[in-house]
Every structure is written in structure tokens, then in C-alpha cells.
Amino acid sequence: MAPLGARTDGRESNQMRPPHLELRPLLRSDGSARFSLGRSVAVAVAHGPREQKSRMREVGDRATLEVVVRPRVGIPGLAERQLECHLLRQLDHIVMHQEYPRAHITVVVQIVSEDGSVGAVAGNAAFLALLDAGIAMRATT
């Protein structure tokens with residue numbers, strides 16, 4: 001039995017899960033990162049900036065950004081679609097699209113294990129993968 005105020009994993013009520021990150025775990029991509037908070041783990045891969053495959057999707061003065069979230073098992077469902085939209089909104093604010101006209105940047109996030117804080121783990125992994133790929137981003141202060 002955990003003492004009063006302690007969690008089942010031994011942390012105090014005001015302690016966060018221990019973070020761990022690894023840059024470039026996958027070598028066949030432009031950028032990749034593995035990020036974990038406790039037992040929640042996500043691996044993200046960034047591809048790009050690359051030329052658009054279709055002229056119809058091309059935007060003349062800026063890059064387009066695509067985020068894909070893959071669940072641990074099975075096919076993506078509603079939760080993964082919502083996380084994709086959330087991550088796309090987050091990353092849209094920090095990526096400097098105007099630096100890459102008519103280009104396409106893809107971020108793929110694979111959820112490896114879930115133990116809470118999946119959004120935070122996926123967001124950090126995606127950001128670190130873009131950083132590893134050398135994508136220009138705004139500084140946050």
C-alpha cells in the first residue's frame with residue numbers, strides 16, 4: 001500500500017514522471033526522436049522539407065505541414081485523429097513555413113506505450129524530430 005500522498009508508482013503527488021529523450025533513433029529519416037515520460041513512450045519521425053507530390057496541394061509562398069499519429073496496435077481511431085489535429089495546431093505555430101515555399105513537411109508519431117500524458121509525450125517527440133531534421137522554428141520565450 002502506498003503511503004498517503006504517494007502514487008502507485010512511488011512518486012509524490014507533486015512529482016512528474018521522469019523524462020527521457022533520444023535523438024536520431026531511426027537513421028533513415030531526416031529527423032527522429034524518442035521521448036518518454038515514465039512508461040509513456042512515443043517515437044516521431046520528420047520527413048522534409050520535400051517537394052510536393054501533387055501540384056494541387058502546393059502552396060506558393062509557404063510549406064504545408066502534415067501530422068500522422070499511429071496507435072500502439074491496430075488502426076488509427078478517433079483519439080488518434082484528435083491528437084493529429086492538436087499536434088498540427090501546435091506545430092503550425094512554431095514551424096517557419098515561409099522558409100520553405102512549395103514544400104511539404106511530414107511528421108509521423110508512433111505511440112509505443114501509454115501510461116498517461118500521451119499528448120505531452122507525442123508533442124515533445126514531434127518537436128524534437130523537427131529539431132533533429134533542422135526545420136526552422138520560432139523561438140519560444
# chains A, B, ... in the order shown; residues from 1 in each chain; ligands from 1
>>> select_by_dssp(residues="chain A", states="strand (DSSP E or B)", output="NGL selection string")
:A and (6 or 12 or 19-23 or 31-37 or 40-51 or 64-70 or 95 or 103-113 or 137)
>>> write_last_selection(atoms="N, CA and C atoms", output="compact mmCIF listing (two decimals), in the first residue's frame")
# COMPACT_ATOMS: atom_id res chain seq x y z
N ALA A 6 1.36 9.54 -1.83
CA ALA A 6 2.23 8.92 -2.83
C ALA A 6 1.37 8.20 -3.87
N GLU A 12 5.65 11.22 -5.52
CA GLU A 12 4.82 12.06 -4.67
C GLU A 12 3.75 12.72 -5.53
N PRO A 19 11.44 12.29 -17.31
CA PRO A 19 11.54 12.35 -18.77
C PRO A 19 12.82 11.70 -19.28
N HIS A 20 12.76 11.21 -20.50
CA HIS A 20 13.93 10.64 -21.16
C HIS A 20 13.78 10.90 -22.65
N LEU A 21 14.85 11.32 -23.31
CA LEU A 21 14.78 11.54 -24.75
C LEU A 21 15.99 10.98 -25.44
N GLU A 22 15.77 10.63 -26.70
CA GLU A 22 16.84 10.12 -27.55
C GLU A 22 16.66 10.72 -28.93
N LEU A 23 17.67 11.40 -29.42
CA LEU A 23 17.63 11.96 -30.76
C LEU A 23 18.23 10.98 -31.75
N GLY A 31 14.81 13.44 -39.66
CA GLY A 31 14.93 13.70 -38.22
C GLY A 31 14.05 12.74 -37.46
N SER A 32 14.49 12.32 -36.28
CA SER A 32 13.68 11.41 -35.48
C SER A 32 14.02 11.61 -34.01
N ALA A 33 13.06 11.24 -33.16
CA ALA A 33 13.26 11.37 -31.72
C ALA A 33 12.37 10.38 -30.99
N ARG A 34 12.85 9.90 -29.85
CA ARG A 34 12.07 9.06 -28.94
C ARG A 34 11.98 9.84 -27.64
N PHE A 35 10.74 10.03 -27.16
CA PHE A 35 10.54 10.78 -25.93
C PHE A 35 9.65 9.97 -25.01
N SER A 36 10.00 9.97 -23.71
CA SER A 36 9.17 9.23 -22.75
C SER A 36 9.03 10.03 -21.47
N LEU A 37 7.87 9.87 -20.87
CA LEU A 37 7.59 10.36 -19.51
C LEU A 37 7.14 9.14 -18.74
N SER A 40 5.14 6.12 -20.58
CA SER A 40 4.52 6.59 -21.83
C SER A 40 5.64 6.94 -22.80
N VAL A 41 5.64 6.32 -23.97
CA VAL A 41 6.73 6.48 -24.93
C VAL A 41 6.15 6.75 -26.33
N ALA A 42 6.77 7.70 -27.03
CA ALA A 42 6.40 7.97 -28.42
C ALA A 42 7.68 8.15 -29.23
N VAL A 43 7.63 7.68 -30.48
CA VAL A 43 8.72 7.88 -31.42
C VAL A 43 8.16 8.71 -32.56
N ALA A 44 8.87 9.78 -32.92
CA ALA A 44 8.43 10.65 -34.01
C ALA A 44 9.49 10.72 -35.08
N VAL A 45 9.02 10.81 -36.33
CA VAL A 45 9.90 10.91 -37.49
C VAL A 45 9.47 12.13 -38.29
N ALA A 46 10.44 12.94 -38.73
CA ALA A 46 10.15 14.10 -39.57
C ALA A 46 10.77 13.87 -40.94
N HIS A 47 9.98 14.06 -41.97
CA HIS A 47 10.43 13.96 -43.35
C HIS A 47 10.25 15.33 -44.01
N GLY A 48 11.30 15.83 -44.59
CA GLY A 48 11.15 17.09 -45.31
C GLY A 48 12.14 18.13 -44.85
N PRO A 49 12.05 19.29 -45.42
CA PRO A 49 11.08 19.71 -46.43
C PRO A 49 11.36 19.02 -47.77
N ARG A 50 10.28 18.56 -48.39
CA ARG A 50 10.35 17.88 -49.67
C ARG A 50 9.41 18.55 -50.66
N GLU A 51 9.66 18.28 -51.94
CA GLU A 51 8.79 18.80 -52.98
C GLU A 51 7.42 18.14 -52.87
N THR A 64 3.61 23.21 -46.50
CA THR A 64 2.46 22.58 -45.86
C THR A 64 2.98 21.56 -44.86
N LEU A 65 2.25 21.39 -43.79
CA LEU A 65 2.65 20.50 -42.71
C LEU A 65 1.58 19.42 -42.56
N GLU A 66 2.02 18.18 -42.42
CA GLU A 66 1.12 17.05 -42.21
C GLU A 66 1.57 16.29 -40.98
N VAL A 67 0.63 15.92 -40.12
CA VAL A 67 0.93 15.15 -38.92
C VAL A 67 0.11 13.87 -38.97
N VAL A 68 0.77 12.74 -38.74
CA VAL A 68 0.12 11.43 -38.73
C VAL A 68 0.44 10.77 -37.40
N VAL A 69 -0.58 10.29 -36.71
CA VAL A 69 -0.39 9.59 -35.43
C VAL A 69 -0.79 8.14 -35.61
N ARG A 70 0.10 7.24 -35.23
CA ARG A 70 -0.15 5.80 -35.30
C ARG A 70 -0.30 5.25 -33.88
N VAL A 95 6.56 26.20 -36.62
CA VAL A 95 7.33 25.96 -37.85
C VAL A 95 7.30 27.23 -38.70
N ALA A 103 6.90 23.54 -50.41
CA ALA A 103 7.46 22.30 -49.86
C ALA A 103 6.43 21.61 -48.96
N HIS A 104 6.74 20.38 -48.58
CA HIS A 104 5.87 19.58 -47.73
C HIS A 104 6.70 18.97 -46.61
N ILE A 105 6.20 19.09 -45.38
CA ILE A 105 6.87 18.51 -44.21
C ILE A 105 5.89 17.55 -43.57
N THR A 106 6.34 16.33 -43.33
CA THR A 106 5.51 15.30 -42.72
C THR A 106 6.11 14.88 -41.39
N VAL A 107 5.26 14.79 -40.37
CA VAL A 107 5.68 14.29 -39.06
C VAL A 107 4.80 13.08 -38.75
N VAL A 108 5.44 11.94 -38.49
CA VAL A 108 4.72 10.72 -38.13
C VAL A 108 5.08 10.38 -36.69
N VAL A 109 4.06 10.23 -35.85
CA VAL A 109 4.26 9.91 -34.43
C VAL A 109 3.70 8.53 -34.18
N GLN A 110 4.53 7.65 -33.66
CA GLN A 110 4.12 6.29 -33.30
C GLN A 110 4.06 6.20 -31.77
N ILE A 111 2.87 5.90 -31.25
CA ILE A 111 2.73 5.70 -29.81
C ILE A 111 3.25 4.30 -29.50
N VAL A 112 4.28 4.21 -28.67
CA VAL A 112 4.90 2.92 -28.35
C VAL A 112 4.23 2.30 -27.13
N SER A 113 4.02 3.11 -26.09
CA SER A 113 3.31 2.64 -24.90
C SER A 113 2.60 3.82 -24.25
N MET A 137 12.32 26.85 -36.89
CA MET A 137 11.19 27.06 -36.00
C MET A 137 11.38 28.35 -35.23
>>> residues_around(residues="Met96 (chain A)", least_positions_apart="4", cutoff="9 Å", atoms="only C-alpha atoms", output="mmCIF file with C-alpha atoms, in the first residue's frame")
data_model
loop_
_atom_site.group_PDB
_atom_site.id
_atom_site.type_symbol
_atom_site.label_atom_id
_atom_site.label_comp_id
_atom_site.auth_asym_id
_atom_site.auth_seq_id
_atom_site.Cartn_x
_atom_site.Cartn_y
_atom_site.Cartn_z
ATOM 1 C CA ARG A 62 4.858 28.521 -47.703
ATOM 2 C CA ALA A 63 5.322 24.889 -46.733
ATOM 3 C CA ASP A 92 1.769 25.109 -37.200
ATOM 4 C CA TYR A 100 10.191 26.520 -47.419
ATOM 5 C CA ILE A 135 13.424 22.545 -39.727
ATOM 6 C CA ALA A 136 13.409 26.293 -38.999
ATOM 7 C CA MET A 137 11.186 27.058 -35.995
ATOM 8 C CA ARG A 138 10.309 30.120 -33.977
#
>>> closest_residue(among="A:Pro71, A:Gly123, A:Pro25, A:Gly10", to="Arg89 (chain A)", atoms="only C-alpha atoms")
A:Gly123
>>> atom_distance(atom1="CA of Ala126 (chain A)", atom2="CA of Leu91 (chain A)")
8.3 Å
>>> closest_residue(among="A:Leu83, A:Val73, A:Arg17, A:Asp61", to="Gln98 (chain A)", atoms="only C-alpha atoms")
A:Asp61
>>> closest_residue(among="A:Arg11, A:Phe127, A:Gly134, A:Asp30", to="Glu99 (chain A)", atoms="only C-alpha atoms")
A:Gly134
>>> atom_distance(atom1="CA of Asp132 (chain A)", atom2="CA of Ala79 (chain A)")
26.6 Å
